[in-house]
>>> print(open('coords.cif').read())   # mmCIF, C-alpha atoms
data_target
loop_
_atom_site.label_atom_id
_atom_site.label_comp_id
_atom_site.auth_asym_id
_atom_site.auth_seq_id
_atom_site.Cartn_x
_atom_site.Cartn_y
_atom_site.Cartn_z
CA MET X 1456 93.09 100.19 71.06
CA LEU X 1457 95.80 99.82 73.70
CA THR X 1458 99.34 100.83 72.75
CA LEU X 1459 102.41 99.03 74.11
CA TYR X 1460 105.89 100.50 74.06
CA ASP X 1461 107.97 97.37 73.83
CA CYS X 1462 111.49 96.12 73.23
CA SER X 1463 111.20 92.70 71.60
CA THR X 1464 114.48 91.41 73.07
CA ALA X 1465 114.03 92.56 76.71
CA PRO X 1466 112.62 90.44 79.55
CA SER X 1467 110.52 93.11 81.26
CA PRO X 1468 108.18 93.93 78.34
CA ARG X 1469 107.99 90.23 77.50
CA ARG X 1470 106.02 89.82 80.74
CA THR X 1471 103.40 92.22 79.40
CA ARG X 1472 103.35 90.63 75.95
CA ILE X 1473 102.69 87.18 77.42
CA PHE X 1474 99.93 88.56 79.65
CA LEU X 1475 98.22 90.26 76.70
CA ALA X 1476 98.58 87.10 74.60
CA GLU X 1477 96.96 84.99 77.34
CA LYS X 1478 94.08 87.47 77.41
CA GLY X 1479 93.80 87.36 73.63
CA ILE X 1480 93.98 91.14 73.31
CA LYS X 1481 95.11 92.94 70.16
CA TYR X 1482 97.19 96.09 70.66
CA GLU X 1483 99.44 98.46 68.80
CA CYS X 1484 103.06 97.55 69.48
CA LEU X 1485 105.82 100.18 69.17
CA GLN X 1486 109.47 99.18 69.50
CA VAL X 1487 111.96 101.09 71.65
CA ASP X 1488 115.49 99.85 70.91
CA LEU X 1489 117.18 99.62 74.30
CA ALA X 1490 120.44 98.41 72.71
CA LYS X 1491 120.62 101.74 70.87
CA GLY X 1492 119.64 103.70 74.00
CA GLU X 1493 116.41 104.95 72.45
CA GLN X 1494 114.78 105.01 75.90
CA MET X 1495 117.11 107.87 76.94
CA LYS X 1496 116.00 110.18 74.12
CA ASP X 1497 113.77 113.16 74.94
CA GLU X 1498 111.09 111.77 72.66
CA PHE X 1499 110.67 108.68 74.84
CA ALA X 1500 111.21 110.54 78.13
CA ALA X 1501 108.06 112.51 77.28
CA ILE X 1502 106.17 109.20 77.19
CA ASN X 1503 107.87 107.70 80.24
CA PRO X 1504 110.16 109.85 82.40
CA ARG X 1505 111.39 106.62 84.02
CA ARG X 1506 112.96 105.61 80.67
CA THR X 1507 111.74 102.03 80.98
CA VAL X 1508 109.66 99.63 78.94
CA PRO X 1509 107.00 98.32 78.98
CA VAL X 1510 104.70 101.33 78.86
CA LEU X 1511 101.02 100.75 78.24
CA VAL X 1512 98.99 103.68 76.90
CA THR X 1513 95.26 103.34 77.52
CA GLU X 1514 92.55 104.17 74.99
CA ASP X 1515 92.10 107.57 76.64
CA GLY X 1516 95.82 108.33 76.60
CA LYS X 1517 96.89 107.57 80.17
CA SER X 1518 100.04 105.57 80.69
CA LEU X 1519 101.33 102.90 83.07
CA SER X 1520 104.92 101.71 83.32
CA GLU X 1521 104.93 98.97 85.97
CA ASN X 1522 104.33 95.43 84.80
CA LEU X 1523 102.00 94.73 87.71
CA ALA X 1524 99.96 97.89 87.15
CA ILE X 1525 99.63 97.12 83.44
CA ALA X 1526 98.49 93.57 84.15
CA TYR X 1527 95.98 94.71 86.75
CA TYR X 1528 94.56 97.36 84.44
CA VAL X 1529 94.13 94.89 81.59
CA ASP X 1530 92.69 92.28 83.96
CA GLN X 1531 89.98 94.64 85.15
CA LEU X 1532 88.93 95.44 81.57
CA HIS X 1533 89.20 91.82 80.41
CA PRO X 1534 88.64 89.50 83.38
CA GLU X 1535 88.64 86.34 81.23
CA PRO X 1536 90.56 84.11 81.34
CA PRO X 1537 91.43 84.79 84.98
CA LEU X 1538 95.18 85.29 85.44
CA MET X 1539 95.14 87.08 88.79
CA GLY X 1540 93.14 84.78 91.04
CA THR X 1541 89.44 84.11 91.50
CA ASP X 1542 88.70 84.85 95.19
CA PRO X 1543 90.12 87.23 97.82
CA PHE X 1544 92.90 84.95 99.03
CA SER X 1545 93.95 83.60 95.64
CA ARG X 1546 94.00 87.12 94.22
CA ALA X 1547 96.22 88.33 97.07
CA ASN X 1548 98.39 85.24 96.73
CA VAL X 1549 99.04 85.97 93.05
CA LEU X 1550 100.37 89.40 94.05
CA GLU X 1551 102.44 87.79 96.81
CA TRP X 1552 104.13 85.33 94.48
CA ASN X 1553 104.47 87.80 91.65
CA ALA X 1554 106.32 90.17 94.01
CA ARG X 1555 108.57 87.38 95.26
CA VAL X 1556 109.51 86.24 91.77
CA GLU X 1557 110.12 89.82 90.74
CA PHE X 1558 112.28 90.79 93.69
CA GLU X 1559 114.02 87.54 94.60
CA GLY X 1560 114.32 86.30 91.01
CA LEU X 1561 114.25 88.93 88.29
CA HIS X 1562 116.06 91.57 90.33
CA ALA X 1563 118.82 89.14 91.27
CA ILE X 1564 119.39 88.24 87.62
CA ALA X 1565 119.32 91.91 86.60
CA GLU X 1566 121.95 92.57 89.29
CA ILE X 1567 124.22 89.99 87.71
CA LEU X 1568 123.74 91.29 84.17
CA ARG X 1569 123.79 95.02 84.83
CA ASN X 1570 126.82 94.94 87.12
CA THR X 1571 129.00 92.96 84.72
CA SER X 1572 128.00 93.71 81.12
CA PRO X 1573 130.50 95.99 79.37
CA HIS X 1574 127.49 97.47 77.53
CA MET X 1575 125.96 98.62 80.83
CA LYS X 1576 128.78 100.58 82.42
CA ASN X 1577 127.07 103.36 84.37
CA ARG X 1578 123.70 101.73 83.60
CA ALA X 1579 123.66 99.30 86.53
CA MET X 1580 120.02 100.22 87.08
CA THR X 1581 117.24 101.44 84.82
CA GLY X 1582 116.01 105.01 85.25
CA ARG X 1583 116.91 108.58 84.51
CA GLN X 1584 120.04 108.44 86.68
CA ASN X 1585 123.36 106.87 85.67
CA ILE X 1586 124.43 104.28 88.24
CA PRO X 1587 127.95 102.79 88.25
CA GLN X 1588 128.48 99.03 88.34
CA ILE X 1589 129.39 97.22 91.58
CA GLN X 1590 131.22 93.95 91.01
CA GLU X 1591 130.27 92.53 94.42
CA LEU X 1592 126.63 93.05 93.59
CA ALA X 1593 126.89 90.70 90.63
CA GLU X 1594 128.35 88.07 92.94
CA ARG X 1595 125.56 88.68 95.45
CA GLY X 1596 123.05 88.26 92.63
CA ARG X 1597 124.45 84.77 91.92
CA MET X 1598 124.08 83.80 95.58
CA ARG X 1599 120.54 85.13 95.68
CA ILE X 1600 119.30 83.49 92.50
CA GLU X 1601 120.55 80.05 93.59
CA THR X 1602 118.59 80.38 96.81
CA PHE X 1603 115.54 81.58 94.93
CA TRP X 1604 115.61 78.63 92.52
CA GLU X 1605 115.65 76.29 95.52
CA ASP X 1606 112.69 78.10 97.09
CA LEU X 1607 110.77 78.09 93.82
CA ASP X 1608 111.47 74.39 93.24
CA ASN X 1609 110.29 73.68 96.76
CA ARG X 1610 107.10 75.62 96.06
CA LEU X 1611 106.51 73.76 92.79
CA GLN X 1612 106.83 70.43 94.56
CA GLN X 1613 103.69 71.46 96.44
CA THR X 1614 101.58 73.25 93.81
CA PRO X 1615 101.25 72.77 90.04
CA PHE X 1616 101.67 76.50 89.36
CA VAL X 1617 103.57 79.22 91.20
CA ALA X 1618 100.59 80.78 92.96
CA GLY X 1619 98.58 77.57 93.36
CA ASP X 1620 96.31 75.42 91.22
CA ASN X 1621 96.08 77.67 88.17
CA PHE X 1622 98.31 79.42 85.67
CA THR X 1623 98.56 83.09 86.71
CA LEU X 1624 100.55 86.28 86.37
CA ALA X 1625 103.08 84.80 88.82
CA ASP X 1626 103.83 82.01 86.32
CA ILE X 1627 104.39 84.57 83.57
CA THR X 1628 106.89 86.44 85.72
CA ALA X 1629 108.62 83.20 86.70
CA LEU X 1630 108.78 81.95 83.10
CA VAL X 1631 110.44 85.18 81.99
CA CYS X 1632 112.75 84.92 85.00
CA VAL X 1633 113.96 81.40 84.14
CA ASP X 1634 114.53 82.34 80.49
CA PHE X 1635 116.30 85.59 81.45
CA ALA X 1636 118.70 83.62 83.67
CA ARG X 1637 120.22 82.02 80.57
CA TRP X 1638 121.65 85.41 79.61
CA VAL X 1639 123.98 85.30 82.62
CA LYS X 1640 124.42 81.51 82.83
CA ALA X 1641 122.46 81.36 86.08
CA SER X 1642 119.80 78.83 85.09
CA PRO X 1643 118.35 76.54 87.78
CA ALA X 1644 120.47 73.48 88.65
CA GLU X 1645 119.42 70.29 86.86
CA ASN X 1646 118.41 68.54 90.07
CA LEU X 1647 115.56 71.00 90.64
CA LYS X 1648 113.11 68.67 88.92
CA ALA X 1649 109.83 70.32 89.90
CA LEU X 1650 111.04 73.69 88.61
CA HIS X 1651 112.22 72.24 85.30
CA SER X 1652 109.02 70.25 84.85
CA TRP X 1653 106.91 73.37 85.47
CA HIS X 1654 109.13 75.36 83.07
CA ASN X 1655 108.67 72.81 80.30
CA LYS X 1656 104.91 72.88 80.83
CA VAL X 1657 104.46 76.66 80.75
CA SER X 1658 106.94 77.09 77.87
CA LYS X 1659 104.57 75.05 75.68
CA ARG X 1660 101.76 77.58 76.03
CA PRO X 1661 101.38 79.60 72.80
CA SER X 1662 101.76 82.83 74.82
CA ALA X 1663 105.37 81.92 75.64
CA GLN X 1664 106.24 82.88 72.05
CA ALA X 1665 104.93 86.41 72.53
CA MET P 388 89.83 87.68 113.62
CA LEU P 389 92.92 88.44 111.55
CA THR P 390 96.33 87.93 113.16
CA LEU P 391 99.30 90.15 112.39
CA TYR P 392 102.88 89.19 113.14
CA ASP P 393 104.41 92.58 113.71
CA CYS P 394 107.56 94.30 114.96
CA SER P 395 106.49 97.61 116.47
CA THR P 396 109.77 99.38 115.64
CA ALA P 397 110.19 98.24 112.00
CA PRO P 398 109.06 100.17 108.92
CA SER P 399 107.72 97.27 106.88
CA PRO P 400 105.00 96.08 109.30
CA ARG P 401 104.14 99.72 110.03
CA ARG P 402 102.80 99.87 106.48
CA THR P 403 100.33 97.11 107.31
CA ARG P 404 99.40 98.63 110.67
CA ILE P 405 98.55 101.97 109.06
CA PHE P 406 96.50 100.25 106.34
CA LEU P 407 94.51 98.29 108.94
CA ALA P 408 94.00 101.45 111.02
CA GLU P 409 92.67 103.35 108.00
CA LYS P 410 90.24 100.49 107.39
CA GLY P 411 89.21 100.51 111.07
CA ILE P 412 89.86 96.80 111.46
CA LYS P 413 90.61 95.12 114.79
CA TYR P 414 93.15 92.29 114.77
CA GLU P 415 95.33 90.23 117.04
CA CYS P 416 98.85 91.65 117.05
CA LEU P 417 101.84 89.44 117.92
CA GLN P 418 105.31 90.94 118.28
CA VAL P 419 108.41 89.44 116.68
CA ASP P 420 111.53 91.15 118.06
CA LEU P 421 113.79 91.65 115.06
CA ALA P 422 116.49 93.30 117.23
CA LYS P 423 116.77 90.00 119.13
CA GLY P 424 116.70 87.96 115.89
CA GLU P 425 113.44 86.23 116.80
CA GLN P 426 112.54 85.99 113.10
CA MET P 427 115.39 83.51 112.57
CA LYS P 428 114.10 81.01 115.15
CA ASP P 429 112.50 77.77 113.96
CA GLU P 430 109.26 78.74 115.67
CA PHE P 431 108.83 81.77 113.42
CA ALA P 432 110.26 80.05 110.32
CA ALA P 433 107.31 77.65 110.56
CA ILE P 434 104.99 80.66 110.25
CA ASN P 435 107.01 82.42 107.56
CA PRO P 436 109.97 80.65 105.92
CA ARG P 437 111.01 84.04 104.50
CA ARG P 438 111.75 85.22 108.08
CA THR P 439 110.12 88.60 107.49
CA VAL P 440 107.36 90.65 109.06
CA PRO P 441 104.61 91.57 108.49
CA VAL P 442 102.77 88.28 108.20
CA LEU P 443 98.99 88.31 108.09
CA VAL P 444 97.17 85.12 109.05
CA THR P 445 93.62 84.93 107.73
CA GLU P 446 90.64 83.68 109.71
CA ASP P 447 90.99 80.29 108.06
CA GLY P 448 94.70 80.05 108.81
CA LYS P 449 96.31 81.00 105.49
CA SER P 450 99.19 83.43 105.56
CA LEU P 451 100.51 86.30 103.44
CA SER P 452 103.89 87.98 103.89
CA GLU P 453 104.03 90.74 101.25
CA ASN P 454 102.71 94.15 102.23
CA LEU P 455 100.92 94.55 98.92
CA ALA P 456 99.27 91.12 99.12
CA ILE P 457 98.12 91.78 102.68
CA ALA P 458 96.66 95.15 101.73
CA TYR P 459 94.88 93.71 98.71
CA TYR P 460 93.44 90.84 100.72
CA VAL P 461 92.11 93.19 103.41
CA ASP P 462 90.81 95.61 100.78
CA GLN P 463 88.73 92.92 99.11
CA LEU P 464 87.13 91.93 102.43
CA HIS P 465 86.67 95.54 103.57
CA PRO P 466 86.38 97.79 100.51
CA GLU P 467 85.51 100.90 102.58
CA PRO P 468 87.10 103.38 102.82
CA PRO P 469 88.73 102.87 99.42
CA LEU P 470 92.54 102.92 99.70
CA MET P 471 93.38 101.17 96.44
CA GLY P 472 91.56 103.21 93.82
CA THR P 473 87.97 103.36 92.64
CA ASP P 474 88.06 102.57 88.90
CA PRO P 475 90.28 100.45 86.62
CA PHE P 476 92.89 103.12 85.92
CA SER P 477 93.06 104.56 89.43
CA ARG P 478 93.34 101.06 90.90
CA ALA P 479 96.20 100.22 88.54
CA ASN P 480 97.82 103.57 89.23
CA VAL P 481 97.85 102.88 92.99
CA LEU P 482 99.80 99.69 92.31
CA GLU P 483 102.12 101.61 89.98
CA TRP P 484 102.98 104.26 92.57
CA ASN P 485 103.11 101.82 95.43
CA ALA P 486 105.68 99.77 93.51
CA ARG P 487 107.72 102.86 92.67
CA VAL P 488 107.81 104.08 96.27
CA GLU P 489 108.70 100.61 97.45
CA PHE P 490 111.49 99.99 94.98
CA GLU P 491 112.91 103.46 94.38
CA GLY P 492 112.33 104.69 97.93
CA LEU P 493 112.12 102.03 100.64
CA HIS P 494 114.63 99.69 99.02
CA ALA P 495 117.17 102.50 98.60
CA ILE P 496 116.90 103.42 102.28
CA ALA P 497 117.14 99.77 103.32
CA GLU P 498 120.28 99.52 101.19
CA ILE P 499 121.85 102.38 103.14
CA LEU P 500 120.89 100.98 106.54
CA ARG P 501 121.59 97.32 105.96
CA ASN P 502 124.94 97.82 104.29
CA THR P 503 126.33 100.06 107.03
CA SER P 504 124.79 99.14 110.39
CA PRO P 505 127.21 97.20 112.63
CA HIS P 506 124.14 95.27 113.85
CA MET P 507 123.45 93.99 110.34
CA LYS P 508 126.75 92.46 109.34
CA ASN P 509 125.85 89.48 107.15
CA ARG P 510 122.20 90.61 107.24
CA ALA P 511 122.37 93.06 104.35
CA MET P 512 119.08 91.66 103.08
CA THR P 513 116.13 90.02 104.79
CA GLY P 514 115.49 86.34 104.18
CA ARG P 515 116.73 82.90 105.13
CA GLN P 516 120.16 83.51 103.61
CA ASN P 517 122.97 85.51 105.20
CA ILE P 518 124.13 88.27 102.86
CA PRO P 519 127.36 90.23 103.49
CA GLN P 520 127.36 94.04 103.46
CA ILE P 521 128.61 95.99 100.43
CA GLN P 522 129.83 99.48 101.29
CA GLU P 523 129.37 100.79 97.75
CA LEU P 524 125.73 99.76 97.86
CA ALA P 525 125.10 102.08 100.79
CA GLU P 526 126.60 104.93 98.76
CA ARG P 527 124.45 103.97 95.78
CA GLY P 528 121.40 104.00 98.07
CA ARG P 529 122.14 107.64 98.97
CA MET P 530 122.35 108.58 95.29
CA ARG P 531 119.11 106.77 94.54
CA ILE P 532 117.07 108.18 97.40
CA GLU P 533 118.00 111.78 96.51
CA THR P 534 116.77 111.22 92.98
CA PHE P 535 113.61 109.58 94.26
CA TRP P 536 112.81 112.48 96.60
CA GLU P 537 113.10 114.83 93.63
CA ASP P 538 110.78 112.65 91.54
CA LEU P 539 108.28 112.34 94.38
CA ASP P 540 108.33 116.10 95.03
CA ASN P 541 107.75 116.69 91.34
CA ARG P 542 104.81 114.32 91.44
CA LEU P 543 103.33 116.02 94.51
CA GLN P 544 103.52 119.39 92.79
CA GLN P 545 100.98 117.95 90.35
CA THR P 546 98.67 115.86 92.55
CA PRO P 547 97.57 116.23 96.21
CA PHE P 548 98.36 112.60 96.99
CA VAL P 549 100.94 110.18 95.59
CA ALA P 550 98.60 108.24 93.30
CA GLY P 551 96.28 111.16 92.48
CA ASP P 552 93.36 112.94 94.12
CA ASN P 553 92.87 110.64 97.10
CA PHE P 554 94.80 109.17 100.00
CA THR P 555 95.75 105.57 99.09
CA LEU P 556 98.08 102.70 99.83
CA ALA P 557 100.79 104.56 97.91
CA ASP P 558 100.66 107.39 100.47
CA ILE P 559 101.02 104.91 103.31
CA THR P 560 104.13 103.43 101.70
CA ALA P 561 105.54 106.90 101.03
CA LEU P 562 104.84 108.11 104.58
CA VAL P 563 106.69 105.13 106.03
CA CYS P 564 109.47 105.75 103.53
CA VAL P 565 109.98 109.39 104.55
CA ASP P 566 109.98 108.50 108.26
CA PHE P 567 112.32 105.53 107.70
CA ALA P 568 114.80 107.85 105.95
CA ARG P 569 115.47 109.60 109.29
CA TRP P 570 117.15 106.42 110.53
CA VAL P 571 119.97 106.91 108.03
CA LYS P 572 119.90 110.72 107.84
CA ALA P 573 118.59 110.64 104.28
CA SER P 574 115.48 112.77 104.69
CA PRO P 575 114.26 114.88 101.75
CA ALA P 576 116.06 118.20 101.25
CA GLU P 577 114.23 121.19 102.75
CA ASN P 578 113.64 122.83 99.40
CA LEU P 579 111.32 119.99 98.31
CA LYS P 580 108.29 121.94 99.51
CA ALA P 581 105.52 119.86 97.95
CA LEU P 582 106.92 116.68 99.49
CA HIS P 583 107.22 118.24 102.96
CA SER P 584 103.76 119.75 102.74
CA TRP P 585 102.29 116.37 101.78
CA HIS P 586 104.24 114.67 104.59
CA ASN P 587 102.89 117.11 107.19
CA LYS P 588 99.37 116.50 105.93
CA VAL P 589 99.45 112.70 105.98
CA SER P 590 101.34 112.58 109.29
CA LYS P 591 98.35 114.24 110.96
CA ARG P 592 96.05 111.35 110.12
CA PRO P 593 95.34 109.24 113.23
CA SER P 594 96.53 106.13 111.37
CA ALA P 595 100.07 107.55 111.25
CA GLN P 596 100.38 106.66 114.96
CA ALA P 597 99.67 102.99 114.26
#
>>> encode(input="coords.cif", output="structure tokens")
Amino acid sequence: MLTLYDCSTAPSPRRTRIFLAEKGIKYECLQVDLAKGEQMKDEFAAINPRRTVPVLVTEDGKSLSENLAIAYYVDQLHPEPPLMGTDPFSRANVLEWNARVEFEGLHAIAEILRNTSPHMKNRAMTGRQNIPQIQELAERGRMRIETFWEDLDNRLQQTPFVAGDNFTLADITALVCVDFARWVKASPAENLKALHSWHNKVSKRPSAQA
Amino acid sequence: MLTLYDCSTAPSPRRTRIFLAEKGIKYECLQVDLAKGEQMKDEFAAINPRRTVPVLVTEDGKSLSENLAIAYYVDQLHPEPPLMGTDPFSRANVLEWNARVEFEGLHAIAEILRNTSPHMKNRAMTGRQNIPQIQELAERGRMRIETFWEDLDNRLQQTPFVAGDNFTLADITALVCVDFARWVKASPAENLKALHSWHNKVSKRPSAQA
């Protein structure tokens, strides 16, 4: 059985949980309490020196700590239902949109949160290194996420799902992104109708509760 | 034939050029002069609204603008020689290391360059939006890249190539990363022997000239 090191309240491992739920895969789930700093303890560093969750441990004891790598590993073992495209271009396009949502969306929101939260002083980035907060970076994050919501709305005016005609990994990342934005009051503007309509649709999938 | 929108002096499209060279694929190569701001012209925005290179245009006229997506597309059409792993775990692990090198390495160096260069005022990030420079972010980039070089050296003490036993996409990204670091005088410290030894080795591959 696969093992997932998770933190039930954090956006990053939620991406993995939704992916596994869509695939219908059972796994052992172990909680790492980020609020208590459990990821910085030696015990967890031995599992993941990067001090991040999610971490997926395979049946033969190897581990992966990038959301994309975890999804791709699981997808190769359990190709159905397809969540990462069905032909060369659509498969590449899922990676393209997943990367865009991750970098232009999730990272921008994380910049806002991590550079302002009093609980994250010196933890402005994940990892083994302490990183001080930069106030201007939080402001830049707000600029960036507004632009990204516009781009994503524009995309969703053209296609029913983020990477095209079908629900994919890119939708999972974008769903987590929109929900994460609430934490820093940076949700998409109400006039972005296509984005809100898509969000309502994907939020109704049972996996969204994972 | 595939078409690549390239900028011969820039690190990001170099990643694609090296990948295509390793695969032995011929393609049409069109230059976009970033120094002259050609990526911001309407003509190029019609090709890639993100205003970035590389852009790969497929034989049937679809385009991709993320390095990873381009590599994955090409890899599916031309699986030999393998550059993205050979079994489920090794394939996932290539994506894991590629993402780490990209985010912890290339992004840190880009932060240094783009937040200090007098030529990049208001262009601290790529994209359609103008982003002002943040001095502290350049300093943070220097902290981050030093940590990353240590982590990468540590990794290369354990495995001959970044993602394991074979040369892969993750090595291409890391090679471009090490060479890009010279631009901002942030090259790995001399005592990181495994990293320098690996860099000498991969730099001798003919594709490194691409």
>>> resolve_selection(input="coords.cif", expression="the PyMOL selection byres ((chain P) within 7 of (chain X))", output="PyMOL selection string")
chain P and resi 453+456-457+459-460+463+475-476+479-480+482-483
>>> closest_residue(input="coords.cif", among="X:Pro1643, X:Gly1596, X:Pro1537, X:Pro1509", to="Asp1608 of chain X", atoms="only C-alpha atoms")
X:Pro1643
>>> resolve_selection(input="coords.cif", expression="the PyMOL selection byres ((chain X and resi 1460-1472) around 10)", output="short mmCIF file (atom, residue, chain, number, x, y, z; two decimals) with C-alpha atoms, keeping the file's coordinate frame")
data_model
loop_
_atom_site.label_atom_id
_atom_site.label_comp_id
_atom_site.auth_asym_id
_atom_site.auth_seq_id
_atom_site.Cartn_x
_atom_site.Cartn_y
_atom_site.Cartn_z
CA THR X 1458 99.34 100.83 72.75
CA LEU X 1459 102.41 99.03 74.11
CA ILE X 1473 102.69 87.18 77.42
CA PHE X 1474 99.93 88.56 79.65
CA LEU X 1475 98.22 90.26 76.70
CA ALA X 1476 98.58 87.10 74.60
CA GLU X 1477 96.96 84.99 77.34
CA LYS X 1478 94.08 87.47 77.41
CA ILE X 1480 93.98 91.14 73.31
CA TYR X 1482 97.19 96.09 70.66
CA GLU X 1483 99.44 98.46 68.80
CA CYS X 1484 103.06 97.55 69.48
CA LEU X 1485 105.82 100.18 69.17
CA GLN X 1486 109.47 99.18 69.50
CA VAL X 1487 111.96 101.09 71.65
CA ASP X 1488 115.49 99.85 70.91
CA LEU X 1489 117.18 99.62 74.30
CA ALA X 1490 120.44 98.41 72.71
CA GLN X 1494 114.78 105.01 75.90
CA PHE X 1499 110.67 108.68 74.84
CA ILE X 1502 106.17 109.20 77.19
CA ASN X 1503 107.87 107.70 80.24
CA THR X 1507 111.74 102.03 80.98
CA VAL X 1508 109.66 99.63 78.94
CA PRO X 1509 107.00 98.32 78.98
CA VAL X 1510 104.70 101.33 78.86
CA LEU X 1511 101.02 100.75 78.24
CA VAL X 1512 98.99 103.68 76.90
CA SER X 1520 104.92 101.71 83.32
CA GLU X 1521 104.93 98.97 85.97
CA ASN X 1522 104.33 95.43 84.80
CA LEU X 1523 102.00 94.73 87.71
CA ILE X 1525 99.63 97.12 83.44
CA ALA X 1526 98.49 93.57 84.15
CA VAL X 1529 94.13 94.89 81.59
CA LEU X 1561 114.25 88.93 88.29
CA ALA X 1565 119.32 91.91 86.60
CA LEU X 1624 100.55 86.28 86.37
CA ALA X 1625 103.08 84.80 88.82
CA ASP X 1626 103.83 82.01 86.32
CA ILE X 1627 104.39 84.57 83.57
CA THR X 1628 106.89 86.44 85.72
CA ALA X 1629 108.62 83.20 86.70
CA LEU X 1630 108.78 81.95 83.10
CA VAL X 1631 110.44 85.18 81.99
CA CYS X 1632 112.75 84.92 85.00
CA ASP X 1634 114.53 82.34 80.49
CA PHE X 1635 116.30 85.59 81.45
CA SER X 1662 101.76 82.83 74.82
CA ALA X 1663 105.37 81.92 75.64
CA GLN X 1664 106.24 82.88 72.05
CA ALA X 1665 104.93 86.41 72.53
#
>>> resolve_selection(input="coords.cif", expression="the PyMOL selection byres ((chain X and resi 1654) around 10)", output="MDAnalysis selection string")
chainID X and resid 1616 1626 1629:1631 1633:1634 1648:1653 1655:1659
>>> atom_distance(input="coords.cif", atom1="atom CA of Glu537 of chain P", atom2="atom CA of Glu577 of chain P")
11.2 Å
>>> atom_distance(input="coords.cif", atom1="atom CA of Ile499 of chain P", atom2="atom CA of Phe535 of chain P")
14.1 Å
>>> atom_distance(input="coords.cif", atom1="atom CA of His506 of chain P", atom2="atom CA of Met427 of chain P")
14.7 Å
>>> closest_residue(input="coords.cif", among="X:Thr1623, X:Asn1577, X:Ser1572, X:Asn1609", to="Thr1541 of chain X", atoms="all atoms listed in the file")
X:Thr1623
>>> build_atoms(input="coords.cif", residues="segment 1618-1629 of chain X", atoms="N, CA, C and O atoms", output="PDB file, keeping the file's coordinate frame")
ATOM      1  N   ALA X1618     101.478  80.230  91.940  1.00  0.00           N
ATOM      2  CA  ALA X1618     100.590  80.780  92.960  1.00  0.00           C
ATOM      3  C   ALA X1618      99.488  79.800  93.375  1.00  0.00           C
ATOM      4  O   ALA X1618      98.555  80.183  94.070  1.00  0.00           O
ATOM      5  N   GLY X1619      99.589  78.548  92.945  1.00  0.00           N
ATOM      6  CA  GLY X1619      98.580  77.570  93.360  1.00  0.00           C
ATOM      7  C   GLY X1619      98.149  76.657  92.230  1.00  0.00           C
ATOM      8  O   GLY X1619      98.963  76.187  91.439  1.00  0.00           O
ATOM      9  N   ASP X1620      96.842  76.434  92.137  1.00  0.00           N
ATOM     10  CA  ASP X1620      96.310  75.420  91.220  1.00  0.00           C
ATOM     11  C   ASP X1620      96.226  75.865  89.764  1.00  0.00           C
ATOM     12  O   ASP X1620      96.054  75.029  88.873  1.00  0.00           O
ATOM     13  N   ASN X1621      96.302  77.173  89.531  1.00  0.00           N
ATOM     14  CA  ASN X1621      96.080  77.670  88.170  1.00  0.00           C
ATOM     15  C   ASN X1621      97.233  78.517  87.654  1.00  0.00           C
ATOM     16  O   ASN X1621      97.962  79.128  88.437  1.00  0.00           O
ATOM     17  N   PHE X1622      97.339  78.545  86.327  1.00  0.00           N
ATOM     18  CA  PHE X1622      98.310  79.420  85.670  1.00  0.00           C
ATOM     19  C   PHE X1622      97.911  80.866  85.908  1.00  0.00           C
ATOM     20  O   PHE X1622      96.765  81.244  85.653  1.00  0.00           O
ATOM     21  N   THR X1623      98.859  81.686  86.401  1.00  0.00           N
ATOM     22  CA  THR X1623      98.560  83.090  86.710  1.00  0.00           C
ATOM     23  C   THR X1623      99.716  83.994  86.281  1.00  0.00           C
ATOM     24  O   THR X1623     100.758  83.529  85.809  1.00  0.00           O
ATOM     25  N   LEU X1624      99.514  85.274  86.557  1.00  0.00           N
ATOM     26  CA  LEU X1624     100.550  86.280  86.370  1.00  0.00           C
ATOM     27  C   LEU X1624     101.888  85.866  86.995  1.00  0.00           C
ATOM     28  O   LEU X1624     102.957  86.145  86.428  1.00  0.00           O
ATOM     29  N   ALA X1625     101.843  85.212  88.137  1.00  0.00           N
ATOM     30  CA  ALA X1625     103.080  84.800  88.820  1.00  0.00           C
ATOM     31  C   ALA X1625     103.864  83.791  87.977  1.00  0.00           C
ATOM     32  O   ALA X1625     105.101  83.779  87.998  1.00  0.00           O
ATOM     33  N   ASP X1626     103.148  82.946  87.224  1.00  0.00           N
ATOM     34  CA  ASP X1626     103.830  82.010  86.320  1.00  0.00           C
ATOM     35  C   ASP X1626     104.486  82.755  85.160  1.00  0.00           C
ATOM     36  O   ASP X1626     105.564  82.376  84.696  1.00  0.00           O
ATOM     37  N   ILE X1627     103.816  83.776  84.669  1.00  0.00           N
ATOM     38  CA  ILE X1627     104.390  84.570  83.570  1.00  0.00           C
ATOM     39  C   ILE X1627     105.704  85.198  84.030  1.00  0.00           C
ATOM     40  O   ILE X1627     106.731  85.118  83.343  1.00  0.00           O
ATOM     41  N   THR X1628     105.678  85.800  85.206  1.00  0.00           N
ATOM     42  CA  THR X1628     106.890  86.440  85.720  1.00  0.00           C
ATOM     43  C   THR X1628     107.990  85.402  85.928  1.00  0.00           C
ATOM     44  O   THR X1628     109.159  85.642  85.588  1.00  0.00           O
ATOM     45  N   ALA X1629     107.619  84.240  86.447  1.00  0.00           N
ATOM     46  CA  ALA X1629     108.620  83.200  86.700  1.00  0.00           C
ATOM     47  C   ALA X1629     109.160  82.596  85.408  1.00  0.00           C
ATOM     48  O   ALA X1629     110.354  82.273  85.316  1.00  0.00           O
TER      49      ALA X1629
END
